[in-house]
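Colleague: First the structure, which I've put down as structure tokens, then a few questions once you've had a look.
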Amino acid sequence: MTGVEFENVFDDLLDGDEELKAFYQVLREQVPQAFIQLHGDNGVVLPEVVDQPCSSEGVAQLLEKTHAAGGKPVAEQGQDGEWCYGLRVDKVSAVLLFSLPGRTGNLLAESHGRELLQGVIDYALLQQEQQLLQIENEQIYRQIGVLKQKHTALIEDNFRQYRLIQDKEKEYARTLESEIARQTAELRNTNARLEEASRLQSEFLANMSHELRTPMNAIIGFSDLLLELKLDKESREYAQTIKNAGMNLLVLINDILDLAKIEAGRIELDNSPFDLRETVDNVANLFRIPAREKKLTFVVEIAPELPALLYGDNNRLRQILINLVGNAMKFTAAGEVAITIGLQDLTSERAQVVFTVRDSGIGIPPERQQAIFDKFTQADGSTTRKYGGTGLGLAICHQLVQLMGGSISVKSVEGQGSSFYFTLPLKVARPETVVVARPEQGRDAENIPAEAQPARSALRVLLVEDNPVNQRLASIIIKKQGCELAVAGDGIEALVQLEKHVFDLVLMDVQMPNMDGLEATRRIRKIEASAGTRAQYACLRNRTKPLSIIGLTAHARKEDEQSCYGAGMNGFLTKPIIRARLEAVLVEEADGCAAQGRPPEPAG
Ligand code: ADP
């Protein structure tokens with residue numbers, strides 16, 4: 001409340017003299033000819049300007065007499081013979097003294113005189129009460145008015161405060177909104193920058209992968225071909241050394257690219273059903289002969305209750321196992337190497353699988369057992385000199401296991417051996433509902449399938465490859481299989497060849513100038529789909545089945561695999577070309593052709 005304090009509003013109602021004044025006023029009007037004096041109990045005398053009903057000594061005397069009369073009127077005759085009267089009026093808490101100038105005789109002596117006096121006083125009291133009521137009413141109205149004013153002021157004040165708060169809130173919301181918008185824009189920018197950086201990194205990885213694998217393709221492929229020639233002992237040894245060094249370098253390149261991919265968050269894990277027993281057998285088979293040569297006992301134990309099929313990334317799991325078993329073999333001179341697959345937990349939905357690779361080798365000092373999982377870290381400095389290696393294998397295993405939601409650890413006693421453990425939570429697959437993923441053969445240089453058979457009939461192959469060294473290497477392998485071969489340097493040349501000649505198989509490089517392998521494949525599939533255009537292509541016009549197109553790519557990423565299939569290829573081989581794998585593809589195609597009968601080469 002502003003200004004006047006609330007308590008003051010009622011101050012007017014508390015004025016005690018009002019009653020006496022009102023009473024005096026009425027009497028004054030009723031009997032204007034009379035001298036009137038009122039002596040209040042509170043000491044107030046009305047009127048303030050003396051209205052003399054009798055002499056001053058007479059007043060004191062009369063007052064005394066009136067008080068003593070206890071409410072009855074009293075009369076006193078002054079020396080001038082005039083009568084003065086006194087009466088106690090309780091209602092106004094005062095004594096009334098009056099005289100009537102010009103009137104002789106005692107008014108109280110006559111009964112009608114007393115009645116008249118009483119009547120006048122009663123009437124005056126009544127009037128006074130009414131007046132007071134009126135005053136009171138006015139006062140109340142005034143108070144109500146004041147209250148109303150205060151109330152309105154209060155409401156207005158509240159409203160003002162409310163508007164003020166509302167304005168402040170709106171202002172705050174506006175600031176908040178613009179701040180959020182600013183921060184969102186900033187985040188978006190940062191995100192875009194990060195995405196761009198990540199894209200560039202990814203592109204760099206892809207290019208590195210291509211650039212490094214292409215020469216490796218030549219080194220391994222040609223040293224392989226060289227070893228088939230009649231060579232003297234020394235030359236053979238040199239060629240074998242080149243091949244071994246090439247394969248080691250390829251493993252290293254794969255490791256470095258793998259780790260870079262993992263660290264860039266660019267690795268995509270597969271999640272397909274696979275047979276874990278088959279994967280473990282497959283890995284074990286790679287090491288049986290080296291174990292025998294080192295006279296090591298080689299043990300594989302698989303828990304009988306292991307589900308037949310599990311979901312996961314079969315090839316990455318295989319990579320981890322090859323790494324661990326490879327290390328175990330490398331660091332063990334005598335005794336045994338064992339792979340154990342156990343179950344920590346099994347429900348119908350999930351299996352917590354524990355993989356252990358144990359050896360009786362040199363062991364690892366306790367203080368190095370944690371560090372060996374870091375990249376480029378080996379147990380001690382002499383390891384590289386004695387055993388080779390780069391210290392990347394375990395770092396990759398560690399990252400892959402983590403990506404798969406598991407954990408890896410080691411227990412080892414120096415001079416007695418080491419046990420590497422990793423656990424993976426794997427979803428159980430129901431055999432009747434799934435197509436099983438087979439391990440990807442030939443991902444590793446040492447994993448070459450059994451000797452391929454020569455192709456049965458002269459398969460007509462179109463090799464589309466821009467790199468002359470790769471062209472030459474692939475040509476030699478293909479011709480050695482007794483195939484007829486034509487070569488195109490890019491996608492455009494390939495289409496020209498298909499227009500003129502009939503082929504049973506196209507080996508299509510992916511990355512080429514002018515028209516790349518993906519685009520060329522898409523065009524071929526489009527031509528096949530339209531009867532009119534197809535008639536212009538000697539190779540395509542009489543085919544009952546789509547032309548076999550196998551991609552050749554130095555990119556070994558999952559998305560490259562997907563884009564090969566997406567463009568319409570039937571399969572793909574990664575570079576460096578593993579000779580046995582290429583030969584296997586040729587044999588398979590030749591068999592398919594023999595079974596179907598092949599479209600003839602057009603006359604002329
Ligand atoms: P690399 O074997 O190429 O050096 P890894 O990352 O696979 O790289 O291993 C790192 C180091 O850990 C090895 O150099 C070796 O010192 C130690 N190590 C790994 N496995 C074993 C093992 N089974 N026995 C003894 N030491 C091992």
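Each chain in the structure tokens gets a letter, A, B and so on, in the order shown; residues start at 1 in every chain, and ligands are counted from 1 in the order they appear.
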Which residues of chain A have any atom within 6 Å of an atom in ligand 1 when counting only C-alpha atoms and all ligand atoms, and what is the closest pair of atoms for each, with the distance in Å to one decimal? Order the rows by chain and rising number and write it as a tab-separated table.

Modeller:
```
residue	atom	partner	partner_atom_place_in_ligand_line	distance
A:Asn327	CA	ligand 1	20 (N)	4.7
A:Ala328	CA	ligand 1	23 (N)	3.9
A:Phe331	CA	ligand 1	24 (N)	4.9
A:Gly361	CA	ligand 1	24 (N)	5.8
A:Ile362	CA	ligand 1	25 (C)	5.4
A:Gly363	CA	ligand 1	25 (C)	4.5
A:Ile364	CA	ligand 1	26 (N)	5.1
A:Ile372	CA	ligand 1	12 (O)	4.7
A:Thr377	CA	ligand 1	10 (C)	5.7
A:Gln378	CA	ligand 1	11 (C)	3.7
A:Ala379	CA	ligand 1	16 (O)	3.5
A:Asp380	CA	ligand 1	16 (O)	5.8
A:Thr383	CA	ligand 1	16 (O)	5.6
A:Gly389	CA	ligand 1	3 (O)	3.3
A:Thr390	CA	ligand 1	3 (O)	4.0
A:Gly391	CA	ligand 1	8 (O)	3.0
A:Leu392	CA	ligand 1	6 (O)	4.3
A:Gly393	CA	ligand 1	7 (O)	3.7
A:Leu394	CA	ligand 1	6 (O)	3.6
A:Ala395	CA	ligand 1	6 (O)	5.6
A:Ser418	CA	ligand 1	23 (N)	5.5
```

Colleague: Skipping near chain neighbours, those fewer than 5 positions away, what residues fall within 12 Å of Ile476 of chain A using only C-alpha atoms, listed as a list of chain:residue names?

Modeller: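 Answer for this query is A:Ala218, A:Gly221, A:Phe222, A:Asp224, A:Leu225, A:Leu226, A:Glu228, A:Leu463, A:Val469, A:Asn470, A:Gln471, A:Gln481, A:Gly482, A:Cys483, A:Glu484, A:Leu485, A:Ala486, A:Val487, A:Arg579, A:Leu582, A:Glu583.
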
Colleague: Could those selected residues go to a file with N, CA, C and O atoms, as a JSON list (two decimals), in the first residue's frame?

Modeller:
```
[["chain", "number", "residue", "atom", "x", "y", "z"],
["A", 218, "ALA", "N", 52.05, -56.22, -57.31],
["A", 218, "ALA", "CA", 53.09, -56.54, -58.28],
["A", 218, "ALA", "C", 54.23, -57.31, -57.62],
["A", 218, "ALA", "O", 54.68, -58.34, -58.12],
["A", 221, "GLY", "N", 52.91, -60.82, -56.52],
["A", 221, "GLY", "CA", 52.46, -61.58, -57.70],
["A", 221, "GLY", "C", 53.63, -62.00, -58.58],
["A", 221, "GLY", "O", 53.75, -63.17, -58.95],
["A", 222, "PHE", "N", 54.54, -61.05, -58.89],
["A", 222, "PHE", "CA", 55.64, -61.40, -59.80],
["A", 222, "PHE", "C", 56.68, -62.29, -59.13],
["A", 222, "PHE", "O", 57.24, -63.18, -59.77],
["A", 224, "ASP", "N", 56.01, -64.48, -57.06],
["A", 224, "ASP", "CA", 55.33, -65.77, -57.09],
["A", 224, "ASP", "C", 55.54, -66.44, -58.46],
["A", 224, "ASP", "O", 55.87, -67.63, -58.55],
["A", 225, "LEU", "N", 55.33, -65.63, -59.52],
["A", 225, "LEU", "CA", 55.51, -66.16, -60.87],
["A", 225, "LEU", "C", 56.97, -66.54, -61.13],
["A", 225, "LEU", "O", 57.27, -67.56, -61.75],
["A", 226, "LEU", "N", 57.88, -65.71, -60.59],
["A", 226, "LEU", "CA", 59.30, -65.96, -60.74],
["A", 226, "LEU", "C", 59.67, -67.32, -60.14],
["A", 226, "LEU", "O", 60.44, -68.08, -60.71],
["A", 228, "GLU", "N", 58.03, -69.88, -60.09],
["A", 228, "GLU", "CA", 57.57, -71.01, -60.91],
["A", 228, "GLU", "C", 58.55, -71.34, -62.02],
["A", 228, "GLU", "O", 58.45, -72.38, -62.67],
["A", 463, "LEU", "N", 39.70, -58.66, -69.15],
["A", 463, "LEU", "CA", 40.32, -58.03, -67.98],
["A", 463, "LEU", "C", 40.26, -56.51, -68.17],
["A", 463, "LEU", "O", 40.77, -55.99, -69.16],
["A", 469, "VAL", "N", 51.26, -52.75, -64.82],
["A", 469, "VAL", "CA", 51.93, -53.84, -64.09],
["A", 469, "VAL", "C", 50.89, -54.88, -63.65],
["A", 469, "VAL", "O", 51.07, -56.09, -63.82],
["A", 470, "ASN", "N", 49.80, -54.37, -63.10],
["A", 470, "ASN", "CA", 48.73, -55.28, -62.67],
["A", 470, "ASN", "C", 48.13, -56.02, -63.87],
["A", 470, "ASN", "O", 47.77, -57.19, -63.77],
["A", 471, "GLN", "N", 48.00, -55.28, -64.98],
["A", 471, "GLN", "CA", 47.47, -55.89, -66.22],
["A", 471, "GLN", "C", 48.32, -57.10, -66.59],
["A", 471, "GLN", "O", 47.81, -58.18, -66.87],
["A", 481, "GLN", "N", 46.09, -70.34, -66.93],
["A", 481, "GLN", "CA", 44.93, -71.21, -66.69],
["A", 481, "GLN", "C", 44.28, -71.66, -68.00],
["A", 481, "GLN", "O", 43.22, -72.26, -68.00],
["A", 482, "GLY", "N", 44.89, -71.28, -69.10],
["A", 482, "GLY", "CA", 44.39, -71.71, -70.41],
["A", 482, "GLY", "C", 43.19, -70.90, -70.87],
["A", 482, "GLY", "O", 42.41, -71.35, -71.71],
["A", 483, "CYS", "N", 43.00, -69.71, -70.32],
["A", 483, "CYS", "CA", 41.86, -68.88, -70.73],
["A", 483, "CYS", "C", 42.25, -68.03, -71.93],
["A", 483, "CYS", "O", 43.41, -67.74, -72.16],
["A", 484, "GLU", "N", 41.20, -67.63, -72.71],
["A", 484, "GLU", "CA", 41.43, -66.63, -73.76],
["A", 484, "GLU", "C", 41.27, -65.27, -73.10],
["A", 484, "GLU", "O", 40.34, -65.07, -72.31],
["A", 485, "LEU", "N", 42.13, -64.34, -73.43],
["A", 485, "LEU", "CA", 42.10, -63.08, -72.69],
["A", 485, "LEU", "C", 42.07, -61.86, -73.60],
["A", 485, "LEU", "O", 42.78, -61.79, -74.60],
["A", 486, "ALA", "N", 41.23, -60.91, -73.26],
["A", 486, "ALA", "CA", 41.28, -59.58, -73.88],
["A", 486, "ALA", "C", 41.44, -58.57, -72.76],
["A", 486, "ALA", "O", 40.98, -58.80, -71.64],
["A", 487, "VAL", "N", 42.09, -57.45, -73.06],
["A", 487, "VAL", "CA", 42.34, -56.46, -72.01],
["A", 487, "VAL", "C", 41.75, -55.11, -72.41],
["A", 487, "VAL", "O", 41.85, -54.70, -73.57],
["A", 579, "ARG", "N", 46.83, -65.39, -56.06],
["A", 579, "ARG", "CA", 46.78, -66.16, -57.30],
["A", 579, "ARG", "C", 45.78, -67.31, -57.21],
["A", 579, "ARG", "O", 44.95, -67.50, -58.10],
["A", 582, "LEU", "N", 42.21, -66.18, -57.53],
["A", 582, "LEU", "CA", 41.84, -65.83, -58.90],
["A", 582, "LEU", "C", 41.64, -67.11, -59.71],
["A", 582, "LEU", "O", 40.67, -67.26, -60.45],
["A", 583, "GLU", "N", 42.55, -68.06, -59.50],
["A", 583, "GLU", "CA", 42.43, -69.33, -60.24],
["A", 583, "GLU", "C", 41.14, -70.05, -59.86],
["A", 583, "GLU", "O", 40.46, -70.61, -60.72]]
```

Colleague: Quick one: DSSP alpha helix (DSSP H) residues in segment 213-293 of chain A, as a PyMOL selection string?

Modeller: chain A and resi 213-228+233-263+276-293

Colleague: Let's have the selection written as a tab-separated table (two decimals), in the first residue's frame, with C-alpha atoms.

Modeller:
```
chain	number	residue	atom	x	y	z
A	213	ARG	CA	48.29	-52.36	-52.12
A	214	THR	CA	48.79	-51.78	-55.83
A	215	PRO	CA	52.61	-52.09	-55.77
A	216	MET	CA	52.34	-54.93	-53.26
A	217	ASN	CA	50.19	-56.70	-55.82
A	218	ALA	CA	53.09	-56.54	-58.28
A	219	ILE	CA	55.81	-57.47	-55.78
A	220	ILE	CA	54.06	-60.54	-54.40
A	221	GLY	CA	52.46	-61.58	-57.70
A	222	PHE	CA	55.64	-61.40	-59.80
A	223	SER	CA	57.89	-62.99	-57.20
A	224	ASP	CA	55.33	-65.77	-57.09
A	225	LEU	CA	55.51	-66.16	-60.87
A	226	LEU	CA	59.30	-65.96	-60.74
A	227	LEU	CA	59.37	-68.88	-58.30
A	228	GLU	CA	57.57	-71.01	-60.91
A	233	LYS	CA	69.36	-72.11	-56.03
A	234	GLU	CA	70.62	-68.60	-55.38
A	235	SER	CA	68.06	-66.87	-57.63
A	236	ARG	CA	65.27	-68.96	-56.07
A	237	GLU	CA	66.42	-67.88	-52.62
A	238	TYR	CA	66.37	-64.21	-53.69
A	239	ALA	CA	62.90	-64.54	-55.21
A	240	GLN	CA	61.60	-66.30	-52.10
A	241	THR	CA	63.09	-63.56	-49.91
A	242	ILE	CA	61.36	-60.88	-52.00
A	243	LYS	CA	58.05	-62.74	-51.71
A	244	ASN	CA	58.38	-63.23	-47.94
A	245	ALA	CA	59.37	-59.62	-47.39
A	246	GLY	CA	56.43	-58.52	-49.56
A	247	MET	CA	54.01	-60.62	-47.58
A	248	ASN	CA	55.37	-59.30	-44.26
A	249	LEU	CA	55.08	-55.78	-45.60
A	250	LEU	CA	51.50	-56.46	-46.64
A	251	VAL	CA	50.65	-57.70	-43.15
A	252	LEU	CA	52.19	-54.53	-41.73
A	253	ILE	CA	50.32	-52.29	-44.18
A	254	ASN	CA	47.08	-54.07	-43.32
A	255	ASP	CA	47.79	-53.60	-39.58
A	256	ILE	CA	48.59	-49.91	-39.89
A	257	LEU	CA	45.55	-49.22	-42.05
A	258	ASP	CA	43.39	-51.29	-39.74
A	259	LEU	CA	44.50	-49.40	-36.67
A	260	ALA	CA	44.08	-46.06	-38.45
A	261	LYS	CA	40.57	-47.10	-39.47
A	262	ILE	CA	39.68	-48.18	-35.94
A	263	GLU	CA	41.06	-44.97	-34.45
A	276	LEU	CA	32.37	-70.34	-34.40
A	277	ARG	CA	33.66	-73.94	-34.46
A	278	GLU	CA	34.37	-73.59	-38.16
A	279	THR	CA	36.16	-70.27	-37.59
A	280	VAL	CA	38.36	-71.74	-34.83
A	281	ASP	CA	39.14	-74.84	-36.97
A	282	ASN	CA	39.99	-72.57	-39.84
A	283	VAL	CA	42.46	-70.58	-37.72
A	284	ALA	CA	43.90	-73.78	-36.16
A	285	ASN	CA	44.50	-75.25	-39.64
A	286	LEU	CA	46.76	-72.33	-40.49
A	287	PHE	CA	49.06	-73.21	-37.60
A	288	ARG	CA	49.09	-77.01	-37.54
A	289	ILE	CA	51.99	-77.38	-39.99
A	290	PRO	CA	54.17	-74.61	-38.42
A	291	ALA	CA	53.47	-76.17	-34.97
A	292	ARG	CA	54.55	-79.58	-36.23
A	293	GLU	CA	57.70	-78.07	-37.72
```

Colleague: Extract the full set of strand (DSSP E or B) residues from segment 335-428 of chain A according to DSSP on the backbone, and format it as a PyMOL selection string.

Modeller: chain A and resi 336-346+350-359+407-413+417-428

Colleague: Export N, CA and C atoms of the chosen residues as a short mmCIF file (atom, residue, chain, number, x, y, z; two decimals), in the first residue's frame?

Modeller:
```cif
data_model
loop_
_atom_site.label_atom_id
_atom_site.label_comp_id
_atom_site.auth_asym_id
_atom_site.auth_seq_id
_atom_site.Cartn_x
_atom_site.Cartn_y
_atom_site.Cartn_z
N GLU A 336 53.76 -76.36 -25.64
CA GLU A 336 52.49 -76.40 -26.36
C GLU A 336 51.86 -75.02 -26.57
N VAL A 337 50.97 -75.00 -27.54
CA VAL A 337 50.12 -73.85 -27.79
C VAL A 337 48.69 -74.38 -27.82
N ALA A 338 47.80 -73.74 -27.05
CA ALA A 338 46.43 -74.25 -26.99
C ALA A 338 45.40 -73.15 -27.19
N ILE A 339 44.35 -73.50 -27.95
CA ILE A 339 43.21 -72.57 -28.10
C ILE A 339 42.04 -73.21 -27.36
N THR A 340 41.43 -72.47 -26.44
CA THR A 340 40.27 -73.00 -25.71
C THR A 340 39.09 -72.04 -25.88
N ILE A 341 37.95 -72.59 -26.24
CA ILE A 341 36.73 -71.78 -26.34
C ILE A 341 35.77 -72.27 -25.27
N GLY A 342 35.52 -71.45 -24.28
CA GLY A 342 34.62 -71.84 -23.19
C GLY A 342 33.42 -70.90 -23.11
N LEU A 343 32.52 -71.21 -22.18
CA LEU A 343 31.33 -70.37 -22.02
C LEU A 343 31.26 -69.89 -20.59
N GLN A 344 31.12 -68.59 -20.43
CA GLN A 344 30.99 -68.04 -19.08
C GLN A 344 29.52 -68.03 -18.70
N ASP A 345 28.70 -67.82 -19.71
CA ASP A 345 27.27 -67.69 -19.47
C ASP A 345 26.54 -68.07 -20.76
N LEU A 346 25.43 -68.78 -20.61
CA LEU A 346 24.69 -69.15 -21.81
C LEU A 346 23.19 -69.15 -21.54
N ARG A 350 21.68 -65.38 -25.52
CA ARG A 350 23.04 -64.83 -25.54
C ARG A 350 24.06 -65.83 -25.01
N ALA A 351 25.29 -65.68 -25.53
CA ALA A 351 26.39 -66.50 -25.02
C ALA A 351 27.55 -65.57 -24.68
N GLN A 352 28.07 -65.74 -23.48
CA GLN A 352 29.28 -64.99 -23.11
C GLN A 352 30.44 -65.95 -23.35
N VAL A 353 31.13 -65.75 -24.47
CA VAL A 353 32.15 -66.73 -24.88
C VAL A 353 33.53 -66.28 -24.40
N VAL A 354 34.27 -67.23 -23.80
CA VAL A 354 35.63 -66.92 -23.33
C VAL A 354 36.63 -67.61 -24.25
N PHE A 355 37.48 -66.80 -24.86
CA PHE A 355 38.52 -67.33 -25.76
C PHE A 355 39.85 -67.28 -25.01
N THR A 356 40.58 -68.40 -25.00
CA THR A 356 41.90 -68.41 -24.35
C THR A 356 42.94 -68.92 -25.33
N VAL A 357 44.04 -68.20 -25.44
CA VAL A 357 45.17 -68.70 -26.23
C VAL A 357 46.35 -68.81 -25.27
N ARG A 358 46.76 -70.07 -25.03
CA ARG A 358 47.76 -70.34 -24.00
C ARG A 358 49.04 -70.89 -24.64
N ASP A 359 50.16 -70.48 -24.09
CA ASP A 359 51.41 -71.07 -24.61
C ASP A 359 52.39 -71.32 -23.47
N SER A 407 36.28 -57.75 -23.46
CA SER A 407 37.51 -57.24 -22.86
C SER A 407 38.61 -58.30 -23.02
N ILE A 408 39.84 -57.80 -23.04
CA ILE A 408 40.98 -58.72 -23.26
C ILE A 408 42.00 -58.53 -22.13
N SER A 409 42.64 -59.62 -21.70
CA SER A 409 43.66 -59.50 -20.66
C SER A 409 44.69 -60.62 -20.82
N VAL A 410 45.75 -60.50 -20.04
CA VAL A 410 46.80 -61.52 -20.14
C VAL A 410 47.24 -61.96 -18.74
N LYS A 411 47.57 -63.26 -18.63
CA LYS A 411 48.23 -63.75 -17.41
C LYS A 411 49.50 -64.41 -17.89
N SER A 412 50.61 -64.06 -17.25
CA SER A 412 51.85 -64.61 -17.78
C SER A 412 52.90 -64.72 -16.68
N VAL A 413 53.70 -65.76 -16.77
CA VAL A 413 54.84 -65.90 -15.86
C VAL A 413 56.08 -66.02 -16.74
N GLY A 417 55.34 -69.11 -19.62
CA GLY A 417 54.30 -69.02 -20.66
C GLY A 417 53.27 -67.94 -20.40
N SER A 418 52.38 -67.78 -21.36
CA SER A 418 51.36 -66.73 -21.28
C SER A 418 49.99 -67.28 -21.66
N SER A 419 48.95 -66.68 -21.06
CA SER A 419 47.57 -66.99 -21.48
C SER A 419 46.88 -65.67 -21.79
N PHE A 420 46.45 -65.51 -23.02
CA PHE A 420 45.65 -64.34 -23.39
C PHE A 420 44.19 -64.74 -23.37
N TYR A 421 43.36 -63.91 -22.67
CA TYR A 421 41.93 -64.20 -22.57
C TYR A 421 41.17 -63.05 -23.21
N PHE A 422 40.12 -63.37 -23.92
CA PHE A 422 39.15 -62.31 -24.21
C PHE A 422 37.75 -62.90 -24.19
N THR A 423 36.82 -62.08 -23.73
CA THR A 423 35.43 -62.54 -23.65
C THR A 423 34.61 -61.69 -24.61
N LEU A 424 33.63 -62.30 -25.24
CA LEU A 424 32.73 -61.55 -26.14
C LEU A 424 31.29 -61.93 -25.85
N PRO A 425 30.42 -60.94 -25.73
CA PRO A 425 29.00 -61.27 -25.62
C PRO A 425 28.45 -61.45 -27.04
N LEU A 426 27.98 -62.63 -27.36
CA LEU A 426 27.50 -62.88 -28.72
C LEU A 426 26.05 -63.37 -28.69
N LYS A 427 25.27 -62.86 -29.63
CA LYS A 427 23.86 -63.26 -29.70
C LYS A 427 23.78 -64.65 -30.34
N VAL A 428 22.90 -65.47 -29.78
CA VAL A 428 22.75 -66.82 -30.33
C VAL A 428 21.81 -66.77 -31.54
#
```

Colleague: In Å, rounded to a single decimal, give me how far atom CA of Asn467 of chain A is from atom CA of Gly592 of chain A.

Modeller: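 If I compute the distance from atom CA of Gly592 of chain A to atom CA of Asn467 of chain A, I get 29.1 Å.
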
Colleague: Please identify every residue of segment 294-354 of chain A that has at least one atom no farther than 12 Å from an atom of segment 549-568 of chain A, counting only C-alpha atoms, and for each give the shortest atom pair and the distance in Å to one decimal, arranged by chain then increasing number, as a tab-separated table.

Modeller:
```
residue	atom	partner	partner_atom	distance
A:Asp313	CA	A:Lys558	CA	11.6
A:Asn315	CA	A:Lys558	CA	11.4
A:Arg316	CA	A:Lys558	CA	11.8
```

Colleague: At a cut-off of 12 Å, using only C-alpha atoms, what residues contact Leu97 of chain A? Leave out same-chain residues fewer than 6 positions from it and give the result as an MDAnalysis selection string.

Modeller: chainID A and resid 24 27 34:40 45:47 51:56 58:67 73:76 83:89 117 121

Colleague: Which residue gives the smallest distance to Ala538 of chain A among A:Asp504, A:Glu588, A:Asp122, A:Glu519, with only C-alpha atoms counted?

Modeller: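 Closest residue, counting only C-alpha atoms: A:Asp504.
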
Colleague: Can you measure atom CA of Glu301 of chain A to atom CA of Arg368 of chain A for me? One decimal in Å is fine.

Modeller: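 Going from atom CA of Glu301 of chain A over to atom CA of Arg368 of chain A covers 28.4 Å.
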
Colleague: Excluding segment 540-546 of chain A and any residue of its chain fewer than 5 positions from it, enumerate the residues within 12 Å of it, using only C-alpha atoms, and give them as a PyMOL selection string.

Modeller: chain A and resi 495+497-506+521+524-535+568-570+592-593+596-602

Colleague: To one decimal place, how far is atom CA of Pro273 of chain A from atom CA of Cys397 of chain A in Å?

Modeller: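 According to the coordinates, atom CA of Pro273 of chain A and atom CA of Cys397 of chain A are separated by 20.9 Å.
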